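**Student:** Next up, query.pdb (PDB, C-alpha atoms).
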MODEL        1
ATOM      1  CA  MET C 195      96.581 -50.920 -21.309
ATOM      2  CA  PHE C 196      94.659 -52.169 -18.293
ATOM      3  CA  ALA C 197      92.915 -54.888 -20.291
ATOM      4  CA  ARG C 198      96.279 -56.159 -21.550
ATOM      5  CA  LEU C 199      97.664 -56.264 -18.022
ATOM      6  CA  SER C 200      94.621 -58.162 -16.797
ATOM      7  CA  GLU C 201      94.961 -60.730 -19.584
ATOM      8  CA  LYS C 202      98.676 -61.138 -18.888
ATOM      9  CA  PHE C 203      98.167 -61.969 -15.233
ATOM     10  CA  SER C 204      94.913 -63.925 -15.522
ATOM     11  CA  PRO C 205      95.186 -67.573 -14.485
ATOM     12  CA  SER C 206      94.060 -70.398 -16.727
ATOM     13  CA  PRO C 207      90.267 -70.760 -16.702
ATOM     14  CA  GLN C 208      89.038 -72.886 -13.818
ATOM     15  CA  PRO C 209      85.576 -74.122 -12.932
ATOM     16  CA  SER C 210      84.020 -71.618 -10.545
ATOM     17  CA  PRO C 211      82.198 -73.172  -7.594
ATOM     18  CA  GLN C 212      78.528 -72.366  -7.527
ATOM     19  CA  GLY C 213      75.888 -72.663  -4.890
ATOM     20  CA  GLY C 214      76.085 -72.603  -1.115
ATOM     21  CA  GLU C 215      78.745 -72.809   1.527
ATOM     22  CA  GLY C 216      81.248 -75.623   1.249
ATOM     23  CA  ASP C 217      80.430 -76.641  -2.355
ATOM     24  CA  ASN C 218      84.106 -76.418  -3.264
ATOM     25  CA  GLY C 219      85.100 -78.919  -0.631
ATOM     26  CA  GLY C 220      87.191 -76.349   1.255
ATOM     27  CA  VAL C 221      87.597 -72.777   2.346
ATOM     28  CA  GLY C 222      88.665 -70.166  -0.185
ATOM     29  CA  THR C 223      91.213 -67.409   0.308
ATOM     30  CA  VAL C 224      91.049 -63.704   1.045
ATOM     31  CA  THR C 225      93.538 -61.090  -0.140
ATOM     32  CA  LEU C 226      93.381 -57.538   1.186
ATOM     33  CA  VAL C 227      94.667 -55.426  -1.692
ATOM     34  CA  GLY C 228      95.785 -51.814  -1.534
ATOM     35  CA  ALA C 229      94.453 -49.912  -4.543
ATOM     36  CA  GLY C 230      96.752 -46.948  -3.927
ATOM     37  CA  PRO C 231      95.703 -43.286  -4.129
ATOM     38  CA  GLY C 232      93.752 -43.582  -7.376
ATOM     39  CA  ASP C 233      96.020 -43.885 -10.399
ATOM     40  CA  PRO C 234      95.953 -47.477 -11.752
ATOM     41  CA  ASP C 235      99.584 -47.107 -12.816
ATOM     42  CA  LEU C 236     100.557 -46.940  -9.131
ATOM     43  CA  LEU C 237      99.282 -50.455  -8.363
ATOM     44  CA  THR C 238     101.829 -53.114  -7.467
ATOM     45  CA  VAL C 239     102.302 -56.138  -9.714
ATOM     46  CA  ALA C 240     101.021 -58.294  -6.829
ATOM     47  CA  ALA C 241      97.811 -56.240  -6.730
ATOM     48  CA  VAL C 242      97.240 -56.716 -10.472
ATOM     49  CA  LYS C 243      97.809 -60.469 -10.154
ATOM     50  CA  ALA C 244      95.385 -60.745  -7.237
ATOM     51  CA  LEU C 245      92.667 -58.862  -9.122
ATOM     52  CA  ALA C 246      93.168 -60.958 -12.241
ATOM     53  CA  ALA C 247      92.727 -64.160 -10.216
ATOM     54  CA  ALA C 248      89.791 -63.005  -8.090
ATOM     55  CA  GLU C 249      86.353 -64.572  -8.279
ATOM     56  CA  VAL C 250      84.789 -62.018  -5.919
ATOM     57  CA  VAL C 251      85.928 -58.408  -5.445
ATOM     58  CA  LEU C 252      84.551 -56.344  -2.566
ATOM     59  CA  TYR C 253      85.661 -52.783  -3.204
ATOM     60  CA  ASP C 254      85.635 -49.386  -1.512
ATOM     61  CA  ALA C 255      84.043 -46.246  -2.931
ATOM     62  CA  LEU C 256      87.444 -44.533  -3.072
ATOM     63  CA  VAL C 257      88.965 -47.031  -5.510
ATOM     64  CA  GLY C 258      90.135 -45.103  -8.580
ATOM     65  CA  ASP C 259      88.595 -45.395 -12.033
ATOM     66  CA  GLY C 260      90.170 -48.110 -14.165
ATOM     67  CA  ILE C 261      91.344 -50.279 -11.272
ATOM     68  CA  LEU C 262      88.268 -52.513 -11.260
ATOM     69  CA  ASP C 263      88.849 -53.083 -14.982
ATOM     70  CA  LEU C 264      91.850 -55.194 -13.958
ATOM     71  CA  ALA C 265      89.640 -57.740 -12.195
ATOM     72  CA  HIS C 266      88.853 -61.017 -13.930
ATOM     73  CA  PRO C 267      85.969 -60.404 -16.385
ATOM     74  CA  GLN C 268      83.821 -63.038 -14.668
ATOM     75  CA  ALA C 269      84.560 -61.841 -11.121
ATOM     76  CA  GLU C 270      81.592 -60.765  -9.029
ATOM     77  CA  ARG C 271      81.995 -57.106  -8.027
ATOM     78  CA  ILE C 272      80.393 -55.870  -4.799
ATOM     79  CA  CYS C 273      80.614 -52.250  -3.637
ATOM     80  CA  VAL C 274      80.939 -52.029   0.149
ATOM     81  CA  GLY C 275      82.399 -48.528   0.024
ATOM     82  CA  LYS C 276      82.550 -45.998   2.775
ATOM     83  CA  ARG C 277      82.743 -42.248   2.455
ATOM     84  CA  SER C 278      82.811 -39.649   5.174
ATOM     85  CA  GLY C 279      79.351 -39.585   6.736
ATOM     86  CA  ARG C 280      77.910 -42.054   4.212
ATOM     87  CA  HIS C 281      78.566 -45.678   5.103
ATOM     88  CA  SER C 282      77.009 -48.152   2.710
ATOM     89  CA  LEU C 283      77.540 -51.138   5.023
ATOM     90  CA  PRO C 284      78.483 -51.424   8.705
ATOM     91  CA  GLN C 285      81.917 -52.950   9.231
ATOM     92  CA  GLY C 286      80.420 -56.048  10.854
ATOM     93  CA  GLU C 287      78.393 -56.770   7.725
ATOM     94  CA  ILE C 288      81.466 -56.306   5.530
ATOM     95  CA  ASN C 289      83.356 -58.802   7.690
ATOM     96  CA  ALA C 290      80.520 -61.310   7.382
ATOM     97  CA  LEU C 291      80.267 -60.814   3.615
ATOM     98  CA  ILE C 292      83.977 -61.471   3.090
ATOM     99  CA  ALA C 293      83.762 -64.626   5.199
ATOM    100  CA  PHE C 294      80.603 -65.816   3.406
ATOM    101  CA  HIS C 295      82.266 -65.786  -0.006
ATOM    102  CA  ALA C 296      85.498 -67.322   1.292
ATOM    103  CA  ARG C 297      83.506 -70.170   2.859
ATOM    104  CA  ARG C 298      82.001 -70.839  -0.554
ATOM    105  CA  GLY C 299      85.533 -71.682  -1.690
ATOM    106  CA  LYS C 300      85.986 -68.442  -3.613
ATOM    107  CA  ARG C 301      89.146 -66.438  -4.207
ATOM    108  CA  VAL C 302      88.128 -63.156  -2.602
ATOM    109  CA  VAL C 303      89.829 -59.778  -2.993
ATOM    110  CA  ARG C 304      88.967 -57.043  -0.533
ATOM    111  CA  LEU C 305      90.033 -53.951  -2.467
ATOM    112  CA  LYS C 306      90.804 -50.874  -0.378
ATOM    113  CA  GLY C 307      91.867 -47.374  -1.359
ATOM    114  CA  GLY C 308      95.440 -46.480  -0.412
ATOM    115  CA  ASP C 309      97.116 -49.043   1.836
ATOM    116  CA  PRO C 310      94.955 -51.585   3.698
ATOM    117  CA  MET C 311      96.951 -51.174   6.909
ATOM    118  CA  VAL C 312      96.686 -47.361   7.117
ATOM    119  CA  PHE C 313      93.231 -46.322   8.371
ATOM    120  CA  GLY C 314      91.685 -49.112   6.289
ATOM    121  CA  ARG C 315      90.136 -51.189   9.114
ATOM    122  CA  ALA C 316      92.164 -54.123   7.867
ATOM    123  CA  GLY C 317      92.881 -55.208  11.429
ATOM    124  CA  GLU C 318      89.180 -55.790  12.133
ATOM    125  CA  GLU C 319      88.739 -57.834   8.973
ATOM    126  CA  ILE C 320      91.878 -59.904   9.575
ATOM    127  CA  GLU C 321      90.870 -60.671  13.177
ATOM    128  CA  HIS C 322      87.409 -61.788  12.051
ATOM    129  CA  LEU C 323      88.765 -64.053   9.317
ATOM    130  CA  ASP C 324      91.480 -65.465  11.589
ATOM    131  CA  SER C 325      88.820 -66.422  14.111
ATOM    132  CA  LEU C 326      87.096 -68.468  11.402
ATOM    133  CA  GLY C 327      90.267 -70.128  10.150
ATOM    134  CA  ILE C 328      90.110 -68.364   6.770
ATOM    135  CA  PRO C 329      93.531 -67.685   5.178
ATOM    136  CA  VAL C 330      94.335 -63.992   4.645
ATOM    137  CA  ARG C 331      97.215 -62.208   2.983
ATOM    138  CA  VAL C 332      97.824 -58.506   2.476
ATOM    139  CA  VAL C 333      99.103 -56.727  -0.634
ATOM    140  CA  PRO C 334     100.249 -53.229   0.359
ATOM    141  CA  GLY C 335      99.412 -50.108  -1.608
ATOM    142  CA  ILE C 336     100.711 -46.553  -1.799
ATOM    143  CA  THR C 337      99.011 -44.623   0.974
ATOM    144  CA  ALA C 338      97.521 -41.195   0.207
ATOM    145  CA  ALA C 339     100.183 -39.161   2.038
ATOM    146  CA  LEU C 340     103.010 -40.678   0.012
ATOM    147  CA  GLY C 341     101.088 -40.460  -3.243
ATOM    148  CA  CYS C 342     100.247 -36.784  -2.721
ATOM    149  CA  ALA C 343     103.817 -35.964  -1.712
ATOM    150  CA  ALA C 344     105.106 -37.596  -4.898
ATOM    151  CA  SER C 345     102.491 -35.866  -7.050
ATOM    152  CA  THR C 346     103.418 -32.495  -5.571
ATOM    153  CA  GLY C 347     107.153 -33.121  -5.629
ATOM    154  CA  LEU C 348     107.642 -32.202  -1.960
ATOM    155  CA  SER C 349     109.500 -34.421   0.498
ATOM    156  CA  LEU C 350     107.657 -35.030   3.759
ATOM    157  CA  THR C 351     111.012 -35.511   5.506
ATOM    158  CA  LYS C 352     113.040 -32.701   3.992
ATOM    159  CA  ARG C 353     116.550 -32.773   5.431
ATOM    160  CA  GLY C 354     117.075 -30.181   8.118
ATOM    161  CA  VAL C 355     113.366 -29.306   8.187
ATOM    162  CA  SER C 356     111.289 -32.356   9.115
ATOM    163  CA  ARG C 357     112.553 -35.301  11.114
ATOM    164  CA  ALA C 358     109.292 -37.281  11.348
ATOM    165  CA  VAL C 359     105.942 -37.876   9.666
ATOM    166  CA  THR C 360     102.783 -38.543  11.663
ATOM    167  CA  PHE C 361      99.669 -40.052  10.077
ATOM    168  CA  VAL C 362      96.434 -38.879  11.702
ATOM    169  CA  THR C 363      92.825 -39.621  10.832
ATOM    170  CA  ALA C 364      90.362 -36.781  11.183
ATOM    171  CA  HIS C 365      87.560 -39.241  11.949
ATOM    172  CA  GLY C 366      87.280 -41.618  14.872
ATOM    173  CA  ARG C 367      85.016 -44.626  15.100
ATOM    174  CA  ASP C 368      81.355 -43.983  14.415
ATOM    175  CA  GLY C 369      80.025 -41.430  16.864
ATOM    176  CA  GLU C 370      83.410 -40.579  18.384
ATOM    177  CA  ARG C 371      84.422 -36.956  18.701
ATOM    178  CA  PHE C 372      87.529 -35.787  16.836
ATOM    179  CA  GLU C 373      89.798 -34.557  19.646
ATOM    180  CA  PRO C 374      93.429 -35.676  19.303
ATOM    181  CA  ASP C 375      96.334 -34.778  21.563
ATOM    182  CA  TRP C 376      97.196 -31.449  19.955
ATOM    183  CA  ALA C 377     100.233 -30.830  22.163
ATOM    184  CA  ARG C 378     101.809 -34.086  20.963
ATOM    185  CA  LEU C 379     101.042 -33.351  17.312
ATOM    186  CA  ALA C 380     102.248 -29.728  17.310
ATOM    187  CA  ASP C 381     105.877 -30.557  16.505
ATOM    188  CA  PRO C 382     107.552 -27.750  14.514
ATOM    189  CA  GLN C 383     110.177 -30.233  13.264
ATOM    190  CA  GLY C 384     107.688 -32.761  11.940
ATOM    191  CA  THR C 385     105.121 -33.195   9.173
ATOM    192  CA  LEU C 386     101.481 -34.106   9.757
ATOM    193  CA  ALA C 387      99.436 -36.050   7.220
ATOM    194  CA  ILE C 388      95.777 -35.734   8.188
ATOM    195  CA  TYR C 389      93.485 -38.111   6.319
ATOM    196  CA  MET C 390      89.910 -37.167   5.363
ATOM    197  CA  GLY C 391      90.595 -33.737   6.783
ATOM    198  CA  ARG C 392      88.335 -31.405   4.816
ATOM    199  CA  GLU C 393      85.453 -31.259   7.284
ATOM    200  CA  GLN C 394      87.782 -30.950  10.277
ATOM    201  CA  ALA C 395      90.167 -28.404   8.726
ATOM    202  CA  ARG C 396      89.188 -25.503  10.992
ATOM    203  CA  ALA C 397      89.349 -27.682  14.092
ATOM    204  CA  VAL C 398      92.804 -28.884  13.036
ATOM    205  CA  GLY C 399      94.034 -25.341  12.537
ATOM    206  CA  GLN C 400      92.618 -24.168  15.848
ATOM    207  CA  GLY C 401      93.938 -27.166  17.748
ATOM    208  CA  LEU C 402      97.482 -26.949  16.389
ATOM    209  CA  THR C 403      97.844 -23.184  16.744
ATOM    210  CA  GLY C 404      96.365 -23.408  20.238
ATOM    211  CA  ALA C 405      99.054 -25.980  21.069
ATOM    212  CA  GLY C 406     101.802 -23.606  19.966
ATOM    213  CA  LEU C 407     102.458 -24.400  16.301
ATOM    214  CA  PRO C 408     103.054 -21.075  14.470
ATOM    215  CA  ALA C 409     100.120 -19.696  12.505
ATOM    216  CA  THR C 410     102.487 -19.225   9.543
ATOM    217  CA  THR C 411     103.100 -22.985   9.254
ATOM    218  CA  PRO C 412     102.400 -24.064   5.640
ATOM    219  CA  VAL C 413      99.430 -26.315   4.871
ATOM    220  CA  LEU C 414      98.809 -28.143   1.625
ATOM    221  CA  ALA C 415      95.319 -29.541   1.055
ATOM    222  CA  VAL C 416      95.173 -32.139  -1.740
ATOM    223  CA  GLU C 417      91.784 -33.199  -3.049
ATOM    224  CA  ASN C 418      91.496 -36.364  -5.163
ATOM    225  CA  GLY C 419      95.244 -36.914  -4.982
ATOM    226  CA  CYS C 420      96.945 -38.754  -7.880
ATOM    227  CA  ARG C 421      93.816 -38.603 -10.042
ATOM    228  CA  PRO C 422      93.120 -36.586 -13.194
ATOM    229  CA  ASP C 423      90.951 -34.157 -11.174
ATOM    230  CA  GLU C 424      93.533 -33.602  -8.414
ATOM    231  CA  ARG C 425      93.326 -30.142  -6.811
ATOM    232  CA  ARG C 426      95.916 -28.508  -4.542
ATOM    233  CA  CYS C 427      95.369 -25.614  -2.188
ATOM    234  CA  TRP C 428      98.186 -23.978  -0.236
ATOM    235  CA  THR C 429      97.310 -22.039   2.883
ATOM    236  CA  THR C 430      98.660 -21.455   6.383
ATOM    237  CA  LEU C 431      97.651 -22.924   9.698
ATOM    238  CA  GLY C 432      96.266 -19.582  10.880
ATOM    239  CA  GLU C 433      94.177 -19.068   7.763
ATOM    240  CA  MET C 434      92.891 -22.633   7.947
ATOM    241  CA  ALA C 435      91.858 -22.103  11.579
ATOM    242  CA  GLU C 436      89.630 -19.219  10.435
ATOM    243  CA  GLN C 437      88.412 -20.293   7.016
ATOM    244  CA  GLY C 438      89.012 -24.025   6.586
ATOM    245  CA  VAL C 439      90.317 -25.111   3.177
ATOM    246  CA  ALA C 440      89.088 -24.431  -0.335
ATOM    247  CA  ALA C 441      88.333 -28.032  -1.279
ATOM    248  CA  GLY C 442      85.396 -29.646  -3.009
ATOM    249  CA  LYS C 443      83.573 -32.822  -2.058
ATOM    250  CA  GLY C 444      86.350 -35.279  -2.937
ATOM    251  CA  PRO C 445      88.567 -37.009  -0.359
ATOM    252  CA  THR C 446      91.018 -34.408   0.945
ATOM    253  CA  LEU C 447      94.377 -34.920   2.635
ATOM    254  CA  LEU C 448      95.890 -32.160   4.769
ATOM    255  CA  LEU C 449      99.697 -31.955   4.884
ATOM    256  CA  VAL C 450     100.999 -29.636   7.610
ATOM    257  CA  GLY C 451     104.561 -28.561   8.322
ATOM    258  CA  GLU C 452     107.537 -26.548   7.124
ATOM    259  CA  ALA C 453     108.405 -29.295   4.623
ATOM    260  CA  LEU C 454     105.284 -28.229   2.694
ATOM    261  CA  ARG C 455     106.530 -24.712   2.015
ATOM    262  CA  PRO C 456     106.364 -24.263  -1.786
ATOM    263  CA  ARG C 457     109.685 -24.671  -3.564
ATOM    264  CA  LYS C 458     111.575 -21.576  -4.635
ATOM    265  CA  THR C 459     112.078 -21.304  -8.367
ATOM    266  CA  GLY C 460     115.104 -19.773 -10.045
ATOM    267  CA  ALA C 461     118.783 -20.467 -10.516
ATOM    268  CA  ALA C 462     120.259 -23.404  -8.652
ATOM    269  CA  ASP C 463     122.998 -22.895  -6.113
ATOM    270  CA  SER C 464     126.433 -22.706  -7.720
ATOM    271  CA  VAL C 465     128.916 -25.469  -6.963
ATOM    272  CA  ASP C 466     132.703 -25.023  -6.914
ATOM    273  CA  LEU C 467     133.861 -27.954  -9.072
ATOM    274  CA  ARG C 468     137.424 -27.533  -7.786
ATOM    275  CA  ALA C 469     136.334 -29.313  -4.628
ATOM    276  CA  PHE C 470     136.116 -32.545  -6.679
ATOM    277  CA  GLY C 471     139.755 -32.429  -7.832
ATOM    278  CA  ASP C 472     140.533 -34.026 -11.203
ATOM    279  CA  LEU C 473     136.933 -35.106 -11.699
ATOM    280  CA  GLY C 474     135.791 -31.516 -11.181
ATOM    281  CA  GLU C 475     138.257 -30.268 -13.806
ATOM    282  CA  ARG C 476     137.001 -32.811 -16.355
ATOM    283  CA  LEU C 477     133.362 -31.894 -15.662
ATOM    284  CA  ASP C 478     134.203 -28.207 -15.981
ATOM    285  CA  HIS C 479     135.842 -28.745 -19.392
ATOM    286  CA  ASP C 480     132.902 -30.867 -20.578
TER     287      ASP C 480
ENDMDL
END
Translate this file's structure into structure tokens.

**Tutor:**
Amino acid sequence: MFARLSEKFSPSPQPSPQGGEGDNGGVGTVTLVGAGPGDPDLLTVAAVKALAAAEVVLYDALVGDGILDLAHPQAERICVGKRSGRHSLPQGEINALIAFHARRGKRVVRLKGGDPMVFGRAGEEIEHLDSLGIPVRVVPGITAALGCAASTGLSLTKRGVSRAVTFVTAHGRDGERFEPDWARLADPQGTLAIYMGREQARAVGQGLTGAGLPATTPVLAVENGCRPDERRCWTTLGEMAEQGVAAGKGPTLLLVGEALRPRKTGAADSVDLRAFGDLGERLDHD
């Protein structure tokens, strides 16, 4: 399937510039592409087109299996991926690498897990490229919180339960301590989506309960969301404060709030069809 998509969106063959900077007589382009939460089927059409046209793809470690298969067969693939505690390249070097290939006249795709503009350091890369006069565009992707909510079938803004969603990263810049404003985050009428939260799960539970959020508040930990090896673990804020979450080594999203309470199964609420007048009578007879 993925090979067919790649062929469909591939541009006509063009001579690829070789050699050093400026050989193509002009600056190339850079597209920041959101790879979504892992499932290739969740890519946008624009993302598939950008990959099919790319000459250089710089990709993150969290990009799902099968997505790189959509890149042009002759595209150069460079892993610049970051994982919690294991950074393959400093951000400054990634910025320089993107610019280097663009200045060679290449069509460059910077492929990021999830959405580039949500905890993806896209702002730093865009600022660097802007300063060099290199054109940049962004193709959004499905961010992990929305992908995991869809996979689980739970609304993050359930009517009458949650009136807001807050995205939080459990990791600051390199060397920074994780210490958010717990009082601001402990909203009983909101939902928290905490990215890369496995290692900080106990601290999250302790911080939120200490700020007044009930210990019975539901928590859903999703590891490897939207992938074949997705794992879900339901717990409560109080239990998480004591024990953390039962997750493996994969990227783990923490969803916190009453909207995450598991659905009740059983008979649906009855509806009095008489309230719909003539239409209700016809439906009742059908």

**Student:** Using only the atoms of segment 265-275 of chain C listed in the file, plus 5 Å on each side, state the axis-aligned box centre and edge lengths in Å rounded to one decimal, as lines of an AutoDock Vina configuration file.

**Tutor:**
center_x = 85.0
center_y = -55.8
center_z = -8.1
size_x = 19.2
size_y = 24.5
size_z = 26.5

**Student:** Once the PyMOL selection byres ((chain C and resi 380-393) around 7) has been applied to the shown file, what residues remain in the selection, as a PyMOL selection string?

**Tutor:** chain C and resi 339+350+355-364+376-379+394-395+402+405-407+439+441+445-451+453

**Student:** Please provide as a PyMOL selection string all residues within 9 Å of segment 228-245 of chain C, with the sequence filter that same-chain residues fewer than 2 positions apart are discarded (counting all atoms listed in the file).

**Tutor:** chain C and resi 196+199-200+202-205+225-226+247-249+251+256-262+264-266+269+301-311+332-342+418-422

**Student:** What are the nearest atom pairs, with distances in Å to one decimal, for all residues of segment 299-418 of chain C that come at most 7 Å from segment 289-295 of chain C, using all atoms listed in the file, set out by chain and rising residue number as a tab-separated table?

**Tutor:**
residue	atom	partner	partner_atom	distance
C:Gly299	CA	C:His295	CA	6.9
C:Lys300	CA	C:His295	CA	5.8
C:Val302	CA	C:His295	CA	6.9
C:Glu319	CA	C:Asn289	CA	5.6
C:His322	CA	C:Asn289	CA	6.7
C:Leu323	CA	C:Ala293	CA	6.5

**Student:** Can you measure atom CA of Glu321 of chain C to atom CA of His365 of chain C for me? One decimal in Å is fine.

**Tutor:** 21.7 Å

**Student:** Interatomic distance between atom CA of Ala440 of chain C and atom CA of Gly275 of chain C?

**Tutor:**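 Interatomic distance, atom CA of Ala440 of chain C to atom CA of Gly275 of chain C: 25.0 Å.
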
**Student:** Could you tell me how far atom CA of Arg455 of chain C lies from atom CA of Gly314 of chain C, in Å and to one decimal?

**Tutor:** 28.9 Å
